[in-house]
file data.tsv (TSV, C-alpha atoms)
chain	number	residue	atom	x	y	z
A	27	MET	CA	101.54	40.05	51.69
A	28	SER	CA	101.13	36.46	50.67
A	29	ALA	CA	101.16	35.35	47.08
A	30	PRO	CA	98.07	35.92	44.95
A	31	GLY	CA	95.77	32.97	44.96
A	32	ALA	CA	96.19	32.09	48.63
A	33	ALA	CA	93.31	30.12	50.06
A	34	ALA	CA	90.59	32.26	51.62
A	35	HIS	CA	89.38	31.47	55.12
A	36	GLY	CA	86.13	32.06	56.89
A	37	ALA	CA	84.74	35.56	57.17
A	38	ARG	CA	86.00	35.79	60.75
A	39	PRO	CA	88.60	33.86	62.72
A	40	THR	CA	87.40	31.94	65.75
A	41	SER	CA	90.40	32.92	67.88
A	42	ILE	CA	93.46	35.16	67.89
A	43	ALA	CA	95.62	32.03	67.78
A	44	GLU	CA	93.91	30.90	64.58
A	45	LEU	CA	94.32	34.37	63.09
A	46	ARG	CA	98.01	34.43	63.96
A	47	ALA	CA	98.58	31.01	62.38
A	48	VAL	CA	97.14	32.16	59.07
A	49	ALA	CA	98.06	35.85	59.00
A	50	GLN	CA	101.52	35.62	60.57
A	51	PRO	CA	103.13	32.46	59.16
A	52	PRO	CA	106.86	31.87	59.77
A	53	GLU	CA	107.77	33.02	56.26
A	54	VAL	CA	106.27	36.43	57.10
A	55	ARG	CA	107.76	36.81	60.58
A	56	GLY	CA	111.16	35.67	59.34
A	57	ARG	CA	111.52	38.02	56.38
A	58	ARG	CA	114.90	39.77	56.37
A	59	ASN	CA	113.90	43.04	54.71
A	60	ALA	CA	110.12	43.29	54.87
A	61	GLU	CA	109.78	43.36	58.65
A	62	HIS	CA	110.61	46.61	60.41
A	63	TRP	CA	112.19	46.24	63.86
A	64	THR	CA	109.10	47.71	65.52
A	65	ALA	CA	107.02	44.94	63.96
A	66	SER	CA	109.36	42.27	65.27
A	67	LEU	CA	109.63	43.95	68.66
A	68	TYR	CA	105.98	44.51	69.50
A	69	LEU	CA	103.65	45.54	66.65
A	70	ARG	CA	103.10	41.99	65.40
A	71	ASN	CA	101.96	41.14	68.93
A	72	LEU	CA	99.33	43.89	68.78
A	73	SER	CA	98.28	43.79	65.14
A	74	PRO	CA	96.09	40.62	65.29
A	75	TYR	CA	93.72	42.41	67.68
A	76	LEU	CA	93.25	45.29	65.24
A	77	THR	CA	93.05	42.84	62.34
A	78	TRP	CA	90.35	40.92	64.26
A	79	PHE	CA	88.30	44.12	64.40
A	80	LEU	CA	88.92	44.96	60.73
A	81	LEU	CA	87.78	41.49	59.65
A	82	LYS	CA	84.41	42.24	61.26
A	83	THR	CA	83.95	45.04	58.74
A	84	SER	CA	83.67	45.01	54.97
A	85	ILE	CA	86.90	46.94	54.45
A	86	SER	CA	89.25	45.30	51.96
A	87	ALA	CA	92.97	44.75	52.43
A	88	ASN	CA	93.59	47.57	49.95
A	89	GLY	CA	91.24	49.73	51.98
A	90	VAL	CA	93.36	49.07	55.05
A	91	THR	CA	96.42	50.05	53.03
A	92	GLY	CA	94.60	53.26	52.16
A	93	LEU	CA	94.20	53.94	55.89
A	94	MET	CA	97.94	53.33	56.29
A	95	ILE	CA	98.67	55.90	53.58
A	96	LEU	CA	96.41	58.51	55.18
A	97	THR	CA	97.98	57.86	58.58
A	98	GLY	CA	101.40	58.40	57.07
A	99	TRP	CA	100.36	61.68	55.48
A	100	ALA	CA	98.85	62.75	58.81
A	101	THR	CA	102.19	61.93	60.45
A	102	ALA	CA	103.98	64.36	58.15
A	103	ALA	CA	101.24	67.00	58.45
A	104	SER	CA	101.40	66.90	62.25
A	105	LEU	CA	105.00	68.09	62.07
A	106	LEU	CA	103.68	71.42	60.80
A	107	ILE	CA	102.63	72.03	64.41
A	108	PRO	CA	105.65	73.87	65.85
A	109	GLY	CA	107.72	72.55	68.70
A	110	ILE	CA	107.41	69.39	70.70
A	111	ALA	CA	103.63	69.08	70.31
A	112	GLY	CA	103.83	68.35	66.59
A	113	ALA	CA	106.80	66.05	67.07
A	114	ALA	CA	105.01	64.06	69.79
A	115	LEU	CA	101.91	63.67	67.63
A	116	ALA	CA	104.06	62.55	64.68
A	117	LEU	CA	105.79	60.00	66.90
A	118	VAL	CA	102.46	58.44	67.87
A	119	LEU	CA	101.05	58.53	64.33
A	120	GLY	CA	104.25	57.03	62.94
A	121	GLN	CA	103.81	54.02	65.21
A	122	LEU	CA	100.13	53.81	64.29
A	123	GLN	CA	101.02	53.80	60.59
A	124	MET	CA	103.30	50.82	61.12
A	125	LEU	CA	100.60	49.02	63.08
A	126	VAL	CA	98.09	49.49	60.27
A	127	ASP	CA	100.81	48.46	57.82
A	128	CYS	CA	100.99	45.11	59.61
A	129	CYS	CA	97.23	44.70	59.43
A	130	ASP	CA	96.70	45.14	55.68
A	131	GLY	CA	98.80	42.08	54.92
A	132	GLU	CA	97.10	40.11	57.67
A	133	VAL	CA	93.66	40.93	56.28
A	134	ALA	CA	94.84	39.95	52.80
A	135	ARG	CA	96.31	36.65	53.97
A	136	TRP	CA	93.19	35.73	55.94
A	137	ARG	CA	90.85	36.52	53.07
A	138	GLY	CA	93.20	35.31	50.33
A	139	THR	CA	92.99	38.65	48.53
A	140	SER	CA	96.66	39.60	48.12
A	141	SER	CA	97.36	41.36	44.85
A	142	PRO	CA	99.96	43.47	43.01
A	143	ALA	CA	97.70	46.47	43.64
A	144	GLY	CA	98.12	46.01	47.38
A	145	ILE	CA	101.91	45.85	47.10
A	146	PHE	CA	101.86	48.94	44.89
A	147	LEU	CA	99.72	50.89	47.34
A	148	ASP	CA	101.94	49.82	50.22
A	149	ASN	CA	104.96	51.25	48.41
A	150	VAL	CA	103.05	54.46	47.66
A	151	GLY	CA	102.37	54.83	51.37
A	152	HIS	CA	105.98	54.46	52.45
A	153	TYR	CA	107.49	56.50	49.62
A	154	THR	CA	105.15	59.44	50.10
A	155	THR	CA	105.24	59.43	53.89
A	156	GLU	CA	109.01	59.48	54.17
A	157	THR	CA	109.28	62.09	51.42
A	158	LEU	CA	106.75	64.37	53.10
A	159	ILE	CA	108.39	64.00	56.53
A	160	ALA	CA	111.71	65.17	55.09
A	161	ILE	CA	110.09	68.12	53.32
A	162	VAL	CA	108.22	69.19	56.45
A	163	LEU	CA	111.40	68.87	58.51
A	164	GLY	CA	112.86	71.49	56.17
A	165	ILE	CA	109.86	73.71	56.80
A	166	ARG	CA	110.28	73.26	60.57
A	167	ALA	CA	113.97	74.13	60.27
A	168	ALA	CA	113.07	77.30	58.37
A	169	GLY	CA	111.10	78.43	61.43
A	170	TYR	CA	107.89	80.37	61.82
A	171	PRO	CA	107.07	82.81	60.39
A	172	PHE	CA	108.81	81.87	57.14
A	173	GLN	CA	111.26	84.48	55.86
A	174	ALA	CA	112.07	84.40	52.15
A	175	PRO	CA	114.59	84.14	50.57
A	176	GLU	CA	116.95	83.43	53.49
A	177	ASP	CA	114.93	80.46	54.72
A	178	TYR	CA	115.09	78.80	51.31
A	179	LEU	CA	118.31	77.14	52.49
A	180	TRP	CA	116.38	75.02	55.00
A	181	THR	CA	113.43	74.19	52.76
A	182	ASN	CA	115.86	73.24	49.99
A	183	LEU	CA	117.81	71.02	52.37
A	184	GLY	CA	114.56	69.31	53.37
A	185	THR	CA	113.70	68.78	49.71
A	186	LEU	CA	117.21	67.43	49.04
A	187	LEU	CA	116.81	65.01	51.94
A	188	ALA	CA	113.47	63.87	50.52
A	189	LEU	CA	115.05	63.30	47.09
A	190	VAL	CA	117.91	61.24	48.50
A	191	ILE	CA	115.49	59.16	50.59
A	192	VAL	CA	113.39	58.41	47.49
A	193	LEU	CA	116.46	57.50	45.45
A	194	ASN	CA	117.72	55.21	48.20
A	195	LYS	CA	114.38	53.39	48.38
A	196	ALA	CA	114.15	53.25	44.59
A	197	LEU	CA	117.45	51.37	44.32
A	198	ASN	CA	115.76	48.24	45.67
A	199	ASP	CA	112.96	48.59	43.12
A	200	MET	CA	115.55	49.12	40.37
A	201	VAL	CA	117.15	45.80	41.32
A	202	ARG	CA	113.81	44.01	41.04
A	203	VAL	CA	113.08	45.62	37.66
A	204	ALA	CA	116.56	44.81	36.36
A	205	ARG	CA	116.25	41.16	37.39
A	206	ALA	CA	112.78	40.87	35.89
A	207	ASN	CA	113.93	42.39	32.60
A	208	ALA	CA	116.90	40.01	32.54
A	209	GLY	CA	114.59	37.03	33.09
A	210	LEU	CA	116.10	36.24	36.49
A	211	PRO	CA	114.04	34.80	39.38
A	212	LYS	CA	112.91	36.82	42.38
A	213	LEU	CA	115.56	37.13	45.06
A	214	ALA	CA	115.18	35.00	48.16
A	215	ASP	CA	114.83	37.16	51.26
A	216	THR	CA	118.03	35.83	52.84
A	217	GLN	CA	121.29	37.32	54.08
A	218	ALA	CA	123.32	35.38	51.50
A	219	GLU	CA	121.49	36.95	48.56
A	220	TYR	CA	121.98	40.51	49.82
A	221	ALA	CA	125.49	40.28	51.26
A	222	PRO	CA	128.29	41.85	49.19
A	223	THR	CA	130.89	39.40	47.88
A	224	HIS	CA	133.73	41.92	47.55
A	225	GLY	CA	136.02	41.77	50.59
A	226	LEU	CA	136.36	45.50	51.27
A	227	VAL	CA	132.67	46.25	50.76
A	228	ALA	CA	131.69	43.32	52.97
A	229	THR	CA	134.00	44.60	55.71
A	230	LEU	CA	132.56	48.12	55.50
A	231	ARG	CA	129.03	46.72	55.57
A	232	ARG	CA	129.77	44.74	58.72
A	233	ALA	CA	131.23	47.88	60.30
A	234	ALA	CA	128.03	49.76	59.47
A	235	ARG	CA	126.09	47.41	61.75
A	236	PHE	CA	127.69	49.09	64.75
A	237	LEU	CA	126.54	52.53	63.54
A	238	PRO	CA	123.50	51.85	61.34
A	239	PHE	CA	122.91	55.42	60.19
A	240	HIS	CA	121.63	54.03	56.87
A	241	ARG	CA	118.49	52.92	58.75
A	242	LEU	CA	117.57	56.42	59.93
A	243	TYR	CA	115.38	57.28	56.96
A	244	HIS	CA	112.30	55.17	57.62
A	245	SER	CA	109.29	57.14	58.87
A	246	VAL	CA	109.57	55.56	62.33
A	247	GLU	CA	113.22	56.47	62.81
A	248	LEU	CA	112.67	59.96	61.39
A	249	THR	CA	109.80	60.69	63.77
A	250	ILE	CA	111.79	59.34	66.72
A	251	LEU	CA	114.75	61.56	65.83
A	252	ILE	CA	112.55	64.62	65.32
A	253	PHE	CA	110.92	64.03	68.71
A	254	VAL	CA	114.29	63.58	70.45
A	255	PHE	CA	115.60	66.79	68.92
A	256	SER	CA	112.38	68.58	69.82
A	257	VAL	CA	113.11	67.69	73.45
A	258	VAL	CA	116.59	69.15	72.99
A	259	GLY	CA	114.85	72.15	71.45
A	260	LEU	CA	113.20	72.89	74.77
A	261	PHE	CA	116.65	73.99	75.95
A	262	ILE	CA	118.31	75.41	72.82
A	263	GLY	CA	115.28	76.46	70.79
A	264	SER	CA	113.14	74.25	68.57
A	265	THR	CA	114.21	75.83	65.28
A	266	LEU	CA	117.91	75.46	66.07
A	267	ALA	CA	117.39	71.83	67.09
A	268	ASP	CA	115.57	71.07	63.83
A	269	ARG	CA	118.37	72.73	61.86
A	270	ILE	CA	121.04	70.67	63.61
A	271	LEU	CA	119.11	67.48	62.86
A	272	LEU	CA	118.57	68.40	59.21
A	273	CYS	CA	122.24	69.32	58.74
A	274	ALA	CA	123.22	65.92	60.13
A	275	LEU	CA	120.68	63.89	58.15
A	276	VAL	CA	121.47	65.29	54.70
A	277	PRO	CA	125.15	64.27	54.42
A	278	LEU	CA	124.49	60.96	56.17
A	279	SER	CA	121.68	60.22	53.71
A	280	ILE	CA	123.99	60.86	50.75
A	281	LEU	CA	126.59	58.57	52.30
A	282	ALA	CA	123.91	55.91	52.84
A	283	LEU	CA	122.79	56.24	49.20
A	284	ILE	CA	126.33	55.78	47.91
A	285	GLY	CA	126.91	52.85	50.24
A	286	HIS	CA	123.65	51.21	49.19
A	287	PHE	CA	124.56	51.52	45.50
A	288	VAL	CA	128.05	50.08	46.04
A	289	THR	CA	126.66	47.23	48.13
A	290	ILE	CA	124.15	46.32	45.42
A	291	MET	CA	126.83	46.30	42.72
A	292	ALA	CA	129.07	44.13	44.93
A	293	SER	CA	126.34	41.57	45.69
A	294	ARG	CA	124.62	38.77	43.81
A	295	ARG	CA	121.51	40.88	43.32
A	296	VAL	CA	122.50	42.24	39.91
A	297	ARG	CA	124.40	39.20	38.68
A	298	GLY	CA	123.07	36.48	36.44
call {"tool": "encode", "arguments": {"input": "data.tsv", "output": "structure tokens"}}
result
Amino acid sequence: MSAPGAAAHGARPTSIAELRAVAQPPEVRGRRNAEHWTASLYLRNLSPYLTWFLLKTSISANGVTGLMILTGWATAASLLIPGIAGAALALVLGQLQMLVDCCDGEVARWRGTSSPAGIFLDNVGHYTTETLIAIVLGIRAAGYPFQAPEDYLWTNLGTLLALVIVLNKALNDMVRVARANAGLPKLADTQAEYAPTHGLVATLRRAARFLPFHRLYHSVELTILIFVFSVVGLFIGSTLADRILLCALVPLSILALIGHFVTIMASRRVRG
């Protein structure tokens, strides 16, 4: 979202082009970390039309963020439907969540109502959605009907995955808190600020671009993976497919967490 105090515009835009100019300025479209690849690929092309409709209502930007949160929770809940049906519904809802996520900032920028509360709610939406998806994946891997205690292995693995995902996301927030407490300015959203300066770490980070497993833990990627493995499950059994996916995601998530921590320590982010 734009900075608090941005100038408010008319109640409704007169054209989609005008709405884009205000709600999707270059500094928003060009953000390194804040824009998901689906937004850059196609969602930002669709979101102004939904934002146009939302601006005709009295819903606030924070209200739109609330819709994003509920859509995310519905994404996770849909995975409780066994087999490919639940996975397909989660895939669609995951894309819808990202579309609504684009719109809350656009509503805020048009109306000039950006606030820390909106940023906080946005983080709540992403943290809780990705955590719930991981937990429900563990439930799917346990199979139906649930057999205790033998199926605790799969539910515990899902919970472990959720914990690692939360910790990985929290590292970025820890950097911001550390810099604020040290009286340092906010980081510019550029490659130079985030790139590691240590030679070996920089080399490993460049290598990771060819196999970006560290990007698998966003709600969009998780729902895509679950859907793909649910298709595989049509041939090998849905429960077995979910277990294979979960067993792959857990160690990769731990590796991504370690790599993220090392990259932060090797970059300018935590230096004065």
call {"tool": "closest_atom_pairs", "arguments": {"input": "data.tsv", "of": "region 65-137 of chain A", "to": "region 151-161 of chain A", "cutoff": "10 Å", "atoms": "all atoms listed in the file", "output": "JSON lines"}}
result
{"residue": "A:Thr91", "atom": "CA", "partner": "A:Gly151", "partner_atom": "CA", "distance": 7.8}
{"residue": "A:Gly92", "atom": "CA", "partner": "A:Gly151", "partner_atom": "CA", "distance": 8.0}
{"residue": "A:Leu93", "atom": "CA", "partner": "A:Gly151", "partner_atom": "CA", "distance": 9.4}
{"residue": "A:Met94", "atom": "CA", "partner": "A:Gly151", "partner_atom": "CA", "distance": 6.8}
{"residue": "A:Ile95", "atom": "CA", "partner": "A:Gly151", "partner_atom": "CA", "distance": 4.4}
{"residue": "A:Leu96", "atom": "CA", "partner": "A:Gly151", "partner_atom": "CA", "distance": 8.0}
{"residue": "A:Thr97", "atom": "CA", "partner": "A:Thr155", "partner_atom": "CA", "distance": 8.8}
{"residue": "A:Gly98", "atom": "CA", "partner": "A:Thr155", "partner_atom": "CA", "distance": 5.1}
{"residue": "A:Trp99", "atom": "CA", "partner": "A:Thr155", "partner_atom": "CA", "distance": 5.6}
{"residue": "A:Ala100", "atom": "CA", "partner": "A:Thr155", "partner_atom": "CA", "distance": 8.7}
{"residue": "A:Thr101", "atom": "CA", "partner": "A:Ile159", "partner_atom": "CA", "distance": 7.6}
{"residue": "A:Ala102", "atom": "CA", "partner": "A:Ile159", "partner_atom": "CA", "distance": 4.7}
{"residue": "A:Ala103", "atom": "CA", "partner": "A:Ile159", "partner_atom": "CA", "distance": 8.0}
{"residue": "A:Ser104", "atom": "CA", "partner": "A:Ile159", "partner_atom": "CA", "distance": 9.5}
{"residue": "A:Leu105", "atom": "CA", "partner": "A:Ile159", "partner_atom": "CA", "distance": 7.7}
{"residue": "A:Leu106", "atom": "CA", "partner": "A:Ile159", "partner_atom": "CA", "distance": 9.8}
{"residue": "A:Ala116", "atom": "CA", "partner": "A:Ile159", "partner_atom": "CA", "distance": 9.3}
{"residue": "A:Gly120", "atom": "CA", "partner": "A:Thr155", "partner_atom": "CA", "distance": 9.4}
{"residue": "A:Gln123", "atom": "CA", "partner": "A:Gly151", "partner_atom": "CA", "distance": 9.4}
{"residue": "A:Met124", "atom": "CA", "partner": "A:His152", "partner_atom": "CA", "distance": 9.8}
{"residue": "A:Asp127", "atom": "CA", "partner": "A:Gly151", "partner_atom": "CA", "distance": 9.2}
call {"tool": "atom_distance", "arguments": {"input": "data.tsv", "atom1": "CA of Val254 (chain A)", "atom2": "CA of Ser279 (chain A)"}}
result
18.6 Å
call {"tool": "atom_distance", "arguments": {"input": "data.tsv", "atom1": "CA of Arg294 (chain A)", "atom2": "CA of Val201 (chain A)"}}
result
10.6 Å
call {"tool": "closest_residue", "arguments": {"input": "data.tsv", "among": "A:Tyr68, A:Phe253, A:Tyr243, A:Phe261", "to": "Leu275 (chain A)", "atoms": "all atoms listed in the file"}}
result
A:Tyr243
call {"tool": "closest_residue", "arguments": {"input": "data.tsv", "among": "A:Ala49, A:Val203, A:Leu186, A:Leu147", "to": "Val90 (chain A)", "atoms": "only C-alpha atoms"}}
result
A:Leu147
